file work.cif (mmCIF, C-alpha atoms and all ligand atoms)
data_run
#
loop_
_atom_site.group_PDB
_atom_site.id
_atom_site.type_symbol
_atom_site.label_atom_id
_atom_site.label_comp_id
_atom_site.auth_asym_id
_atom_site.auth_seq_id
_atom_site.Cartn_x
_atom_site.Cartn_y
_atom_site.Cartn_z
ATOM 1 C CA MET M 1 19.167 16.179 23.962
ATOM 2 C CA PRO M 2 16.475 17.550 21.626
ATOM 3 C CA GLU M 3 13.097 15.796 21.745
ATOM 4 C CA PRO M 4 12.639 13.413 18.819
ATOM 5 C CA LYS M 5 10.000 14.520 16.310
ATOM 6 C CA ALA M 6 6.646 13.311 17.665
ATOM 7 C CA ASN M 7 5.925 11.089 14.680
ATOM 8 C CA LYS M 8 9.404 9.818 13.859
ATOM 9 C CA ASP M 9 9.543 6.031 13.484
ATOM 10 C CA GLN M 10 11.637 4.592 16.340
ATOM 11 C CA VAL M 11 9.603 1.409 16.701
ATOM 12 C CA TYR M 12 12.637 -0.846 16.203
ATOM 13 C CA ALA M 13 15.316 1.418 17.734
ATOM 14 C CA ASP M 14 15.375 -0.133 21.228
ATOM 15 C CA PRO M 15 18.102 -2.820 21.523
ATOM 16 C CA ARG M 16 16.498 -4.318 24.673
ATOM 17 C CA ALA M 17 12.985 -4.719 23.294
ATOM 18 C CA GLN M 18 11.652 -8.140 22.311
ATOM 19 C CA VAL M 19 10.847 -8.026 18.607
ATOM 20 C CA ALA M 20 7.217 -9.098 18.199
ATOM 21 C CA ALA M 21 5.531 -9.873 14.872
ATOM 22 C CA PHE M 22 4.769 -6.684 12.960
ATOM 23 C CA ALA M 23 1.252 -5.316 13.539
ATOM 24 C CA PHE M 24 -0.591 -2.156 12.510
ATOM 25 C CA ASP M 25 -1.159 -1.061 16.105
ATOM 26 C CA GLU M 26 -1.249 2.404 17.709
ATOM 27 C CA ARG M 27 2.542 2.618 17.924
ATOM 28 C CA VAL M 28 2.953 1.943 14.209
ATOM 29 C CA ALA M 29 -0.034 4.091 13.181
ATOM 30 C CA ASP M 30 1.437 7.073 15.084
ATOM 31 C CA VAL M 31 4.611 7.012 12.983
ATOM 32 C CA PHE M 32 3.351 5.288 9.837
ATOM 33 C CA ASP M 33 3.793 8.130 7.370
ATOM 34 C CA ASP M 34 7.434 8.538 8.399
ATOM 35 C CA MET M 35 7.942 4.748 8.472
ATOM 36 C CA ILE M 36 6.658 4.055 4.966
ATOM 37 C CA ARG M 37 8.392 7.059 3.378
ATOM 38 C CA ARG M 38 11.763 6.051 4.856
ATOM 39 C CA SER M 39 11.220 2.314 4.182
ATOM 40 C CA VAL M 40 9.790 2.088 0.666
ATOM 41 C CA PRO M 41 11.974 3.594 -2.062
ATOM 42 C CA GLY M 42 9.711 5.379 -4.535
ATOM 43 C CA TYR M 43 6.743 5.631 -2.155
ATOM 44 C CA GLY M 44 6.349 9.394 -2.688
ATOM 45 C CA MET M 45 6.642 8.950 -6.454
ATOM 46 C CA THR M 46 4.097 6.095 -6.402
ATOM 47 C CA LEU M 47 1.602 8.337 -4.641
ATOM 48 C CA SER M 48 2.076 11.427 -6.757
ATOM 49 C CA LEU M 49 1.859 9.451 -10.020
ATOM 50 C CA LEU M 50 -1.201 7.639 -8.637
ATOM 51 C CA GLY M 51 -2.868 11.049 -8.755
ATOM 52 C CA ILE M 52 -2.072 11.357 -12.473
ATOM 53 C CA ILE M 53 -3.347 7.814 -13.102
ATOM 54 C CA ALA M 54 -6.554 8.594 -11.195
ATOM 55 C CA GLN M 55 -7.188 11.719 -13.258
ATOM 56 C CA HIS M 56 -6.889 9.632 -16.436
ATOM 57 C CA TYR M 57 -9.056 6.647 -15.461
ATOM 58 C CA ALA M 58 -11.679 8.074 -13.093
ATOM 59 C CA LYS M 59 -15.155 8.184 -14.623
ATOM 60 C CA PRO M 60 -18.165 10.212 -13.470
ATOM 61 C CA GLY M 61 -20.674 8.160 -11.499
ATOM 62 C CA THR M 62 -18.127 5.569 -10.310
ATOM 63 C CA ARG M 63 -16.238 4.727 -7.128
ATOM 64 C CA ILE M 64 -12.530 4.776 -6.390
ATOM 65 C CA TYR M 65 -11.428 2.249 -3.788
ATOM 66 C CA ASP M 66 -8.247 2.376 -1.735
ATOM 67 C CA LEU M 67 -7.909 -1.057 -0.117
ATOM 68 C CA GLY M 68 -5.499 -0.902 2.824
ATOM 69 C CA CYS M 69 -5.748 2.888 2.880
ATOM 70 C CA SER M 70 -3.776 3.336 6.149
ATOM 71 C CA LEU M 71 -3.609 7.084 6.854
ATOM 72 C CA GLY M 72 -5.340 8.033 3.586
ATOM 73 C CA ALA M 73 -2.273 9.122 1.614
ATOM 74 C CA GLY M 74 -3.527 7.402 -1.563
ATOM 75 C CA ILE M 75 -6.983 8.985 -1.394
ATOM 76 C CA ALA M 76 -5.452 12.379 -0.586
ATOM 77 C CA SER M 77 -3.189 12.147 -3.618
ATOM 78 C CA MET M 78 -5.889 10.922 -6.003
ATOM 79 C CA GLY M 79 -8.419 13.448 -4.699
ATOM 80 C CA ALA M 80 -6.043 16.398 -4.943
ATOM 81 C CA GLN M 81 -5.560 16.010 -8.693
ATOM 82 C CA LEU M 82 -9.027 14.802 -9.661
ATOM 83 C CA THR M 83 -11.344 17.115 -11.585
ATOM 84 C CA THR M 84 -13.810 14.369 -12.619
ATOM 85 C CA PRO M 85 -17.250 15.109 -11.111
ATOM 86 C CA ASP M 86 -19.457 12.665 -9.202
ATOM 87 C CA VAL M 87 -16.723 10.313 -8.044
ATOM 88 C CA SER M 88 -16.873 8.854 -4.553
ATOM 89 C CA PHE M 89 -13.946 7.410 -2.632
ATOM 90 C CA VAL M 90 -14.068 4.301 -0.476
ATOM 91 C CA GLY M 91 -11.112 3.758 1.870
ATOM 92 C CA VAL M 92 -10.847 0.419 3.669
ATOM 93 C CA ASP M 93 -8.490 -0.696 6.426
ATOM 94 C CA ASN M 94 -8.908 -3.230 9.233
ATOM 95 C CA SER M 95 -6.624 -1.334 11.624
ATOM 96 C CA ALA M 96 -8.755 0.952 13.810
ATOM 97 C CA ALA M 97 -5.546 2.728 14.861
ATOM 98 C CA MET M 98 -4.921 3.666 11.217
ATOM 99 C CA LEU M 99 -8.493 4.656 10.370
ATOM 100 C CA ASP M 100 -8.781 6.808 13.531
ATOM 101 C CA ARG M 101 -5.922 8.890 12.154
ATOM 102 C CA CYS M 102 -7.097 8.812 8.514
ATOM 103 C CA ARG M 103 -10.163 11.113 8.315
ATOM 104 C CA PRO M 104 -8.283 14.311 9.348
ATOM 105 C CA ASN M 105 -5.930 13.812 6.376
ATOM 106 C CA LEU M 106 -8.865 13.898 3.954
ATOM 107 C CA ALA M 107 -10.373 17.297 4.793
ATOM 108 C CA THR M 108 -9.272 18.806 1.456
ATOM 109 C CA VAL M 109 -10.562 15.855 -0.618
ATOM 110 C CA GLU M 110 -13.880 15.931 1.226
ATOM 111 C CA LYS M 111 -14.506 19.484 0.005
ATOM 112 C CA GLN M 112 -14.842 18.070 -3.543
ATOM 113 C CA HIS M 113 -15.770 14.393 -3.190
ATOM 114 C CA THR M 114 -17.546 12.065 -0.813
ATOM 115 C CA VAL M 115 -15.254 9.752 1.143
ATOM 116 C CA GLU M 116 -16.481 6.650 2.930
ATOM 117 C CA LEU M 117 -14.049 5.001 5.352
ATOM 118 C CA LEU M 118 -14.680 1.385 6.356
ATOM 119 C CA CYS M 119 -12.880 -0.404 9.176
ATOM 120 C CA GLN M 120 -13.050 -3.931 7.820
ATOM 121 C CA ASP M 121 -11.119 -6.768 6.220
ATOM 122 C CA ILE M 122 -10.683 -5.930 2.526
ATOM 123 C CA GLN M 123 -11.474 -9.588 1.841
ATOM 124 C CA LYS M 124 -15.043 -8.813 2.974
ATOM 125 C CA THR M 125 -15.453 -5.484 1.154
ATOM 126 C CA PRO M 126 -17.973 -5.569 -1.705
ATOM 127 C CA ILE M 127 -16.367 -3.933 -4.755
ATOM 128 C CA GLU M 128 -18.932 -2.346 -7.061
ATOM 129 C CA ASN M 129 -18.918 0.095 -9.966
ATOM 130 C CA ALA M 130 -15.229 0.925 -9.539
ATOM 131 C CA SER M 131 -13.266 2.898 -12.097
ATOM 132 C CA ILE M 132 -10.092 2.551 -9.999
ATOM 133 C CA VAL M 133 -9.010 0.179 -7.260
ATOM 134 C CA ALA M 134 -5.735 0.986 -5.492
ATOM 135 C CA LEU M 135 -4.140 -1.896 -3.593
ATOM 136 C CA ASN M 136 -0.880 -0.337 -2.522
ATOM 137 C CA PHE M 137 1.524 -2.433 -0.406
ATOM 138 C CA THR M 138 -1.373 -4.408 1.092
ATOM 139 C CA LEU M 139 -1.812 -7.649 -0.909
ATOM 140 C CA GLN M 140 1.527 -8.692 0.627
ATOM 141 C CA PHE M 141 -0.221 -8.985 4.034
ATOM 142 C CA ILE M 142 -3.041 -11.235 2.748
ATOM 143 C CA PRO M 143 -2.450 -15.023 3.027
ATOM 144 C CA LYS M 144 -1.028 -16.196 -0.297
ATOM 145 C CA ASP M 145 -3.770 -18.717 -0.989
ATOM 146 C CA GLU M 146 -6.449 -16.025 -0.529
ATOM 147 C CA ARG M 147 -4.933 -13.485 -2.899
ATOM 148 C CA LEU M 148 -6.489 -14.836 -6.110
ATOM 149 C CA GLU M 149 -10.026 -14.638 -4.722
ATOM 150 C CA LEU M 150 -9.508 -10.991 -3.733
ATOM 151 C CA LEU M 151 -8.081 -10.029 -7.127
ATOM 152 C CA THR M 152 -10.919 -11.849 -8.879
ATOM 153 C CA ARG M 153 -13.518 -9.924 -6.861
ATOM 154 C CA ILE M 154 -11.698 -6.673 -7.652
ATOM 155 C CA ARG M 155 -11.736 -7.459 -11.378
ATOM 156 C CA GLU M 156 -15.453 -8.312 -11.201
ATOM 157 C CA GLY M 157 -16.179 -5.029 -9.382
ATOM 158 C CA LEU M 158 -14.423 -2.867 -11.955
ATOM 159 C CA ALA M 159 -16.607 -1.001 -14.441
ATOM 160 C CA PRO M 160 -15.672 -1.357 -18.140
ATOM 161 C CA GLY M 161 -12.356 0.440 -18.678
ATOM 162 C CA GLY M 162 -11.563 0.209 -14.964
ATOM 163 C CA ILE M 163 -8.068 -0.377 -13.593
ATOM 164 C CA LEU M 164 -6.282 -1.875 -10.623
ATOM 165 C CA VAL M 165 -3.109 -0.236 -9.302
ATOM 166 C CA LEU M 166 -1.225 -2.931 -7.395
ATOM 167 C CA SER M 167 1.958 -1.955 -5.557
ATOM 168 C CA GLU M 168 4.052 -4.559 -3.753
ATOM 169 C CA LYS M 169 7.411 -5.472 -2.314
ATOM 170 C CA ILE M 170 8.768 -8.060 -4.760
ATOM 171 C CA LEU M 171 11.076 -11.079 -4.779
ATOM 172 C CA PHE M 172 13.496 -12.228 -7.470
ATOM 173 C CA ASP M 173 14.043 -15.799 -8.687
ATOM 174 C CA ASP M 174 17.788 -15.300 -9.090
ATOM 175 C CA PRO M 175 19.375 -15.612 -5.602
ATOM 176 C CA GLN M 176 22.200 -13.186 -6.464
ATOM 177 C CA ILE M 177 19.755 -10.540 -7.677
ATOM 178 C CA GLN M 178 17.590 -11.149 -4.600
ATOM 179 C CA ALA M 179 20.629 -10.633 -2.360
ATOM 180 C CA ASP M 180 21.791 -7.515 -4.209
ATOM 181 C CA LEU M 181 18.374 -5.842 -4.317
ATOM 182 C CA THR M 182 17.839 -6.587 -0.610
ATOM 183 C CA THR M 183 21.209 -4.958 0.117
ATOM 184 C CA LEU M 184 20.246 -1.927 -1.967
ATOM 185 C CA HIS M 185 16.931 -1.692 -0.096
ATOM 186 C CA HIS M 186 18.785 -1.781 3.217
ATOM 187 C CA ASP M 187 21.252 0.828 1.898
ATOM 188 C CA PHE M 188 18.221 2.995 1.088
ATOM 189 C CA LYS M 189 16.880 2.554 4.623
ATOM 190 C CA ARG M 190 20.289 3.441 6.098
ATOM 191 C CA SER M 191 20.377 6.556 3.883
ATOM 192 C CA GLN M 192 17.018 7.495 5.422
ATOM 193 C CA GLY M 193 18.492 7.393 8.926
ATOM 194 C CA TYR M 194 17.653 3.869 10.049
ATOM 195 C CA SER M 195 20.403 2.091 12.020
ATOM 196 C CA ASP M 196 21.573 -1.456 11.297
ATOM 197 C CA LEU M 197 19.741 -2.545 14.456
ATOM 198 C CA GLU M 198 16.457 -0.975 13.320
ATOM 199 C CA ILE M 199 16.832 -2.573 9.888
ATOM 200 C CA ALA M 200 17.558 -6.005 11.388
ATOM 201 C CA GLN M 201 14.744 -5.838 13.963
ATOM 202 C CA LYS M 202 12.176 -4.672 11.399
ATOM 203 C CA ARG M 203 13.304 -7.417 9.044
ATOM 204 C CA ALA M 204 12.671 -10.016 11.765
ATOM 205 C CA ALA M 205 9.288 -8.469 12.637
ATOM 206 C CA ILE M 206 7.925 -8.570 9.078
ATOM 207 C CA GLU M 207 9.178 -12.104 8.351
ATOM 208 C CA ASN M 208 6.152 -14.309 7.572
ATOM 209 C CA VAL M 209 3.855 -11.274 8.039
ATOM 210 C CA LEU M 210 4.741 -9.399 4.855
ATOM 211 C CA VAL M 211 5.066 -12.150 2.245
ATOM 212 C CA PRO M 212 6.358 -10.849 -1.102
ATOM 213 C CA GLU M 213 6.242 -12.674 -4.421
ATOM 214 C CA THR M 214 7.977 -12.437 -7.795
ATOM 215 C CA ILE M 215 6.791 -10.277 -10.672
ATOM 216 C CA ASP M 216 5.964 -13.489 -12.589
ATOM 217 C CA ALA M 217 3.797 -14.792 -9.733
ATOM 218 C CA HIS M 218 1.899 -11.486 -9.598
ATOM 219 C CA GLU M 219 1.380 -11.375 -13.341
ATOM 220 C CA ALA M 220 0.214 -15.014 -13.458
ATOM 221 C CA ARG M 221 -2.295 -14.280 -10.688
ATOM 222 C CA LEU M 222 -3.562 -11.092 -12.352
ATOM 223 C CA SER M 223 -4.153 -13.101 -15.493
ATOM 224 C CA ALA M 224 -5.838 -15.945 -13.548
ATOM 225 C CA ALA M 225 -8.071 -13.330 -11.885
ATOM 226 C CA GLY M 226 -9.284 -12.362 -15.348
ATOM 227 C CA PHE M 227 -7.396 -9.118 -15.981
ATOM 228 C CA ALA M 228 -6.931 -8.672 -19.727
ATOM 229 C CA ARG M 229 -3.433 -7.159 -19.470
ATOM 230 C CA ASP M 230 -1.027 -5.577 -17.029
ATOM 231 C CA GLU M 231 2.252 -3.708 -16.994
ATOM 232 C CA ILE M 232 4.754 -2.527 -14.412
ATOM 233 C CA TRP M 233 4.687 1.252 -14.496
ATOM 234 C CA LEU M 234 7.161 1.893 -11.655
ATOM 235 C CA GLN M 235 9.877 -0.122 -9.968
ATOM 236 C CA CYS M 236 12.378 0.996 -7.335
ATOM 237 C CA PHE M 237 14.731 -1.758 -6.191
ATOM 238 C CA ASN M 238 12.496 -4.475 -4.690
ATOM 239 C CA PHE M 239 9.231 -2.520 -4.882
ATOM 240 C CA ALA M 240 7.060 -2.485 -7.983
ATOM 241 C CA SER M 241 3.708 -1.151 -9.051
ATOM 242 C CA PHE M 242 1.490 -2.801 -11.654
ATOM 243 C CA LEU M 243 -1.325 -1.318 -13.678
ATOM 244 C CA ALA M 244 -3.875 -4.040 -14.510
ATOM 245 C CA PHE M 245 -6.735 -3.588 -16.980
ATOM 246 C CA LYS M 246 -10.103 -5.327 -16.855
HETATM 247 N N1 LIG D 301 -6.959 -7.898 5.490
HETATM 248 C C1 LIG D 301 -6.857 -6.561 5.574
HETATM 249 N N2 LIG D 301 -7.963 -5.794 5.458
HETATM 250 C C2 LIG D 301 -7.879 -4.457 5.560
HETATM 251 N N3 LIG D 301 -6.705 -3.787 5.732
HETATM 252 C C3 LIG D 301 -5.592 -4.536 5.850
HETATM 253 C C4 LIG D 301 -5.608 -5.927 5.778
HETATM 254 N N4 LIG D 301 -4.333 -6.395 5.941
HETATM 255 C C5 LIG D 301 -3.561 -5.294 6.093
HETATM 256 N N5 LIG D 301 -4.318 -4.174 6.050
HETATM 257 C C6 LIG D 301 -3.885 -2.781 6.135
HETATM 258 O O1 LIG D 301 -3.105 -2.522 5.002
HETATM 259 C C7 LIG D 301 -2.226 -1.462 5.271
HETATM 260 C C8 LIG D 301 -0.874 -1.786 4.663
HETATM 261 S S1 LIG D 301 0.146 -0.387 4.483
HETATM 262 C C9 LIG D 301 -0.652 0.373 3.085
HETATM 263 C C10 LIG D 301 -0.117 1.709 2.702
HETATM 264 C C11 LIG D 301 -1.122 2.587 2.011
HETATM 265 N N6 LIG D 301 -1.854 1.900 0.954
HETATM 266 C C12 LIG D 301 -0.427 3.809 1.482
HETATM 267 O O2 LIG D 301 -0.164 3.869 0.273
HETATM 268 O O3 LIG D 301 -0.100 4.681 2.287
HETATM 269 C C13 LIG D 301 1.609 -0.978 3.719
HETATM 270 C C14 LIG D 301 2.726 -1.319 4.580
HETATM 271 O O4 LIG D 301 2.645 -1.139 5.810
HETATM 272 O O5 LIG D 301 3.773 -1.820 4.019
HETATM 273 C C15 LIG D 301 -2.216 -1.259 6.784
HETATM 274 O O6 LIG D 301 -2.809 -0.042 7.134
HETATM 275 C C16 LIG D 301 -2.999 -2.460 7.322
HETATM 276 O O7 LIG D 301 -3.745 -2.167 8.468
HETATM 277 O O1 LIG D 302 10.469 -1.730 5.988
HETATM 278 C C1 LIG D 302 10.547 -2.651 5.178
HETATM 279 O O2 LIG D 302 11.546 -3.406 5.155
HETATM 280 C C2 LIG D 302 9.504 -2.910 4.198
HETATM 281 O O3 LIG D 302 9.566 -3.872 3.554
HETATM 282 C C3 LIG D 302 8.391 -1.936 3.974
HETATM 283 C C4 LIG D 302 7.391 -1.760 5.058
HETATM 284 C C5 LIG D 302 6.900 -0.472 5.229
HETATM 285 C C6 LIG D 302 5.964 -0.244 6.228
HETATM 286 C C7 LIG D 302 5.503 -1.296 7.008
HETATM 287 C C8 LIG D 302 5.977 -2.583 6.798
HETATM 288 C C9 LIG D 302 6.917 -2.804 5.807
#

call {"tool": "encode", "arguments": {"input": "work.cif", "output": "structure tokens", "more": "lines below"}}
Ligand SMILES: Nc1ncnc2c1ncn2[C@@H]1O[C@H](C[S@+](CC[C@H]([NH3+])C(=O)[O-])CC(=O)[O-])[C@@H](O)[C@H]1O
Ligand SMILES: O=C(O)C(=O)Cc1ccccc1
result
Amino acid sequence: MPEPKANKDQVYADPRAQVAAFAFDERVADVFDDMIRRSVPGYGMTLSLLGIIAQHYAKPGTRIYDLGCSLGAGIASMGAQLTTPDVSFVGVDNSAAMLDRCRPNLATVEKQHTVELLCQDIQKTPIENASIVALNFTLQFIPKDERLELLTRIREGLAPGGILVLSEKILFDDPQIQADLTTLHHDFKRSQGYSDLEIAQKRAAIENVLVPETIDAHEARLSAAGFARDEIWLQCFNFASFLAFK
């Protein structure tokens, strides 16, 4: 049998393994790029359009934060397309396994811009003088009752004209739509080579760890956090990305 690709996600492929709560450990970090690309419909599009958004909103003399930066894909995408001078990137993640593997992915960006990587809880990160804050698929891991405080601090840390890009897995109020969109998401995962077992085991692992909310709940919170306006700029099945303006 051929060797599996070194970084192919097979975390939930073993039928005998006990399914533990999902964690961003070494095993996940090793395969994370493959995992997120095959699990989140529109992930590649989100990242490449994030680069276009960054080029539009980045201002000289400001910072660009990527909160929950994982392997640095967001910073790499924003940095690759950015011609604005004097912009510095701040990537934050509390998984050492992720951050250990992040810096090597940023070699190209670091030729043009400074990049600071912080291994810490994003709830503790001071946000200052930001033209852009990216919070991609990470708010969903923060306890629900702590999300407003984080978004409020982000809004306070944005410079005038600054923006938040918030990407999340989303829920639907209508049970039939919720069921259908979940099925379509699982169909997507199957089309990406995941087995029914892998889909079921991952679903169990992320239960109560990844806690999605409805579009209305997100928009109400963005407004409560003091953002002047927001709009969904991309949605693929049960994943959506919001652009929120200070
Ligand atoms: N409290 C926290 N503080 C810091 N980091 C955290 C916290 N909670 C979770 N994380 C980190 O947030 C990241 C979420 S993944 C983001 C993908 C990336 N944005 C991407 O566009 O590739 C999304 C996903 O796995 O669905 C992981 O690296 C966690 O360690
Ligand atoms: O895989 C899933 O079902 C998801 O909801 C997305 C995801 C992607 C990467 C880590 C955790 C969850």

call {"tool": "residues_around", "arguments": {"input": "work.cif", "residues": "segment 35-48 of chain M", "least_positions_apart": "2", "cutoff": "6 Å", "atoms": "all atoms listed in the file", "output": "PDB file with C-alpha atoms, in the coordinates of the input"}}
result
ATOM      1  CA  ASP M   9       9.543   6.031  13.484  1.00  0.00           C
ATOM      2  CA  PHE M  32       3.351   5.288   9.837  1.00  0.00           C
ATOM      3  CA  ASP M  33       3.793   8.130   7.370  1.00  0.00           C
ATOM      4  CA  LEU M  50      -1.201   7.639  -8.637  1.00  0.00           C
ATOM      5  CA  GLY M  51      -2.868  11.049  -8.755  1.00  0.00           C
ATOM      6  CA  LYS M 189      16.880   2.554   4.623  1.00  0.00           C
ATOM      7  CA  GLN M 192      17.018   7.495   5.422  1.00  0.00           C
ATOM      8  CA  CYS M 236      12.378   0.996  -7.335  1.00  0.00           C
TER       9      CYS M 236
END

call {"tool": "closest_residue", "arguments": {"input": "work.cif", "among": "M:Trp233, M:Tyr12, M:Phe245, M:Phe137", "to": "ligand LIG 301 (chain D)", "atoms": "all atoms listed in the file"}}
result
M:Phe137

call {"tool": "atom_distance", "arguments": {"input": "work.cif", "atom1": "atom CA of Thr182 of chain M", "atom2": "atom CA of Pro15 of chain M"}}
result
22.5 Å

call {"tool": "resolve_selection", "arguments": {"input": "work.cif", "expression": "the PyMOL selection byres (((chain M and resi 88) around 7) and not hetatm)", "output": "list in words"}}
result
Thr62, Arg63, Ile64, Asp86, Val87, Phe89, Val90, His113, Thr114 and Val115 of chain M

call {"tool": "write_last_selection", "arguments": {"input": "work.cif", "atoms": "C-alpha atoms", "output": "compact mmCIF listing (two decimals), keeping the file's coordinate frame"}}
result
# COMPACT_ATOMS: atom_id res chain seq x y z
CA THR M 62 -18.13 5.57 -10.31
CA ARG M 63 -16.24 4.73 -7.13
CA ILE M 64 -12.53 4.78 -6.39
CA ASP M 86 -19.46 12.66 -9.20
CA VAL M 87 -16.72 10.31 -8.04
CA PHE M 89 -13.95 7.41 -2.63
CA VAL M 90 -14.07 4.30 -0.48
CA HIS M 113 -15.77 14.39 -3.19
CA THR M 114 -17.55 12.06 -0.81
CA VAL M 115 -15.25 9.75 1.14

call {"tool": "closest_residue", "arguments": {"input": "work.cif", "among": "M:Glu146, M:Asp216, M:Glu116, M:Glu156", "to": "ligand LIG 301 (chain D)", "atoms": "only C-alpha atoms and all ligand atoms"}}
result
M:Glu146

call {"tool": "resolve_selection", "arguments": {"input": "work.cif", "expression": "the PyMOL selection byres (((chain M and resi 169-176) around 8) and not hetatm)", "output": "JSON, numbers by chain"}}
result
{"M": [137, 140, 167, 168, 177, 178, 179, 180, 212, 213, 214, 215, 238, 239, 240]}

call {"tool": "write_last_selection", "arguments": {"input": "work.cif", "atoms": "C-alpha atoms", "output": "compact mmCIF listing (two decimals), in the coordinates of the input"}}
result
# COMPACT_ATOMS: atom_id res chain seq x y z
CA PHE M 137 1.52 -2.43 -0.41
CA GLN M 140 1.53 -8.69 0.63
CA SER M 167 1.96 -1.96 -5.56
CA GLU M 168 4.05 -4.56 -3.75
CA ILE M 177 19.76 -10.54 -7.68
CA GLN M 178 17.59 -11.15 -4.60
CA ALA M 179 20.63 -10.63 -2.36
CA ASP M 180 21.79 -7.52 -4.21
CA PRO M 212 6.36 -10.85 -1.10
CA GLU M 213 6.24 -12.67 -4.42
CA THR M 214 7.98 -12.44 -7.80
CA ILE M 215 6.79 -10.28 -10.67
CA ASN M 238 12.50 -4.47 -4.69
CA PHE M 239 9.23 -2.52 -4.88
CA ALA M 240 7.06 -2.48 -7.98

call {"tool": "resolve_selection", "arguments": {"input": "work.cif", "expression": "the PyMOL selection byres (((chain M and resi 207) around 12) and not hetatm)", "output": "JSON list (two decimals) with C-alpha atoms, in the coordinates of the input"}}
result
[["chain", "number", "residue", "atom", "x", "y", "z"],
["M", 19, "VAL", "CA", 10.85, -8.03, 18.61],
["M", 20, "ALA", "CA", 7.22, -9.10, 18.20],
["M", 21, "ALA", "CA", 5.53, -9.87, 14.87],
["M", 22, "PHE", "CA", 4.77, -6.68, 12.96],
["M", 23, "ALA", "CA", 1.25, -5.32, 13.54],
["M", 140, "GLN", "CA", 1.53, -8.69, 0.63],
["M", 141, "PHE", "CA", -0.22, -8.98, 4.03],
["M", 200, "ALA", "CA", 17.56, -6.00, 11.39],
["M", 201, "GLN", "CA", 14.74, -5.84, 13.96],
["M", 202, "LYS", "CA", 12.18, -4.67, 11.40],
["M", 203, "ARG", "CA", 13.30, -7.42, 9.04],
["M", 204, "ALA", "CA", 12.67, -10.02, 11.76],
["M", 205, "ALA", "CA", 9.29, -8.47, 12.64],
["M", 206, "ILE", "CA", 7.92, -8.57, 9.08],
["M", 208, "ASN", "CA", 6.15, -14.31, 7.57],
["M", 209, "VAL", "CA", 3.86, -11.27, 8.04],
["M", 210, "LEU", "CA", 4.74, -9.40, 4.86],
["M", 211, "VAL", "CA", 5.07, -12.15, 2.24],
["M", 212, "PRO", "CA", 6.36, -10.85, -1.10]]

call {"tool": "closest_atom_pairs", "arguments": {"input": "work.cif", "of": "chain M", "to": "ligand LIG 301 (chain D)", "cutoff": "7 Å", "atoms": "only C-alpha atoms and all ligand atoms", "output": "Markdown table"}}
result
| residue | atom | partner | partner_atom | distance |
| --- | --- | --- | --- | --- |
| M:Phe24 | CA | D:LIG301 | O7 | 5.1 |
| M:Ile36 | CA | D:LIG301 | O5 | 6.6 |
| M:Leu47 | CA | D:LIG301 | O2 | 6.9 |
| M:Asp66 | CA | D:LIG301 | N6 | 7.0 |
| M:Leu67 | CA | D:LIG301 | N3 | 6.6 |
| M:Gly68 | CA | D:LIG301 | O1 | 3.6 |
| M:Cys69 | CA | D:LIG301 | N6 | 4.5 |
| M:Ser70 | CA | D:LIG301 | O6 | 3.6 |
| M:Leu71 | CA | D:LIG301 | O3 | 6.2 |
| M:Gly72 | CA | D:LIG301 | O3 | 6.4 |
| M:Ala73 | CA | D:LIG301 | O3 | 5.0 |
| M:Gly74 | CA | D:LIG301 | O2 | 5.2 |
| M:Val92 | CA | D:LIG301 | C2 | 6.0 |
| M:Asp93 | CA | D:LIG301 | N3 | 3.6 |
| M:Asn94 | CA | D:LIG301 | C2 | 4.0 |
| M:Ser95 | CA | D:LIG301 | O7 | 4.4 |
| M:Met98 | CA | D:LIG301 | O6 | 5.9 |
| M:Gln120 | CA | D:LIG301 | C2 | 5.7 |
| M:Asp121 | CA | D:LIG301 | N2 | 3.4 |
| M:Ile122 | CA | D:LIG301 | N2 | 4.0 |
| M:Gln123 | CA | D:LIG301 | N1 | 6.0 |
| M:Leu135 | CA | D:LIG301 | N6 | 6.3 |
| M:Asn136 | CA | D:LIG301 | N6 | 4.2 |
| M:Phe137 | CA | D:LIG301 | C13 | 4.4 |
| M:Thr138 | CA | D:LIG301 | C8 | 4.5 |
| M:Phe141 | CA | D:LIG301 | N4 | 5.2 |
| M:Ile142 | CA | D:LIG301 | N1 | 5.8 |

call {"tool": "closest_residue", "arguments": {"input": "work.cif", "among": "M:Ala107, M:Leu158, M:Ala96, M:Ile53", "to": "Phe242 of chain M", "atoms": "all atoms listed in the file"}}
result
M:Ile53

call {"tool": "atom_distance", "arguments": {"input": "work.cif", "atom1": "atom CA of Gly226 of chain M", "atom2": "atom CA of Leu49 of chain M"}}
result
25.1 Å
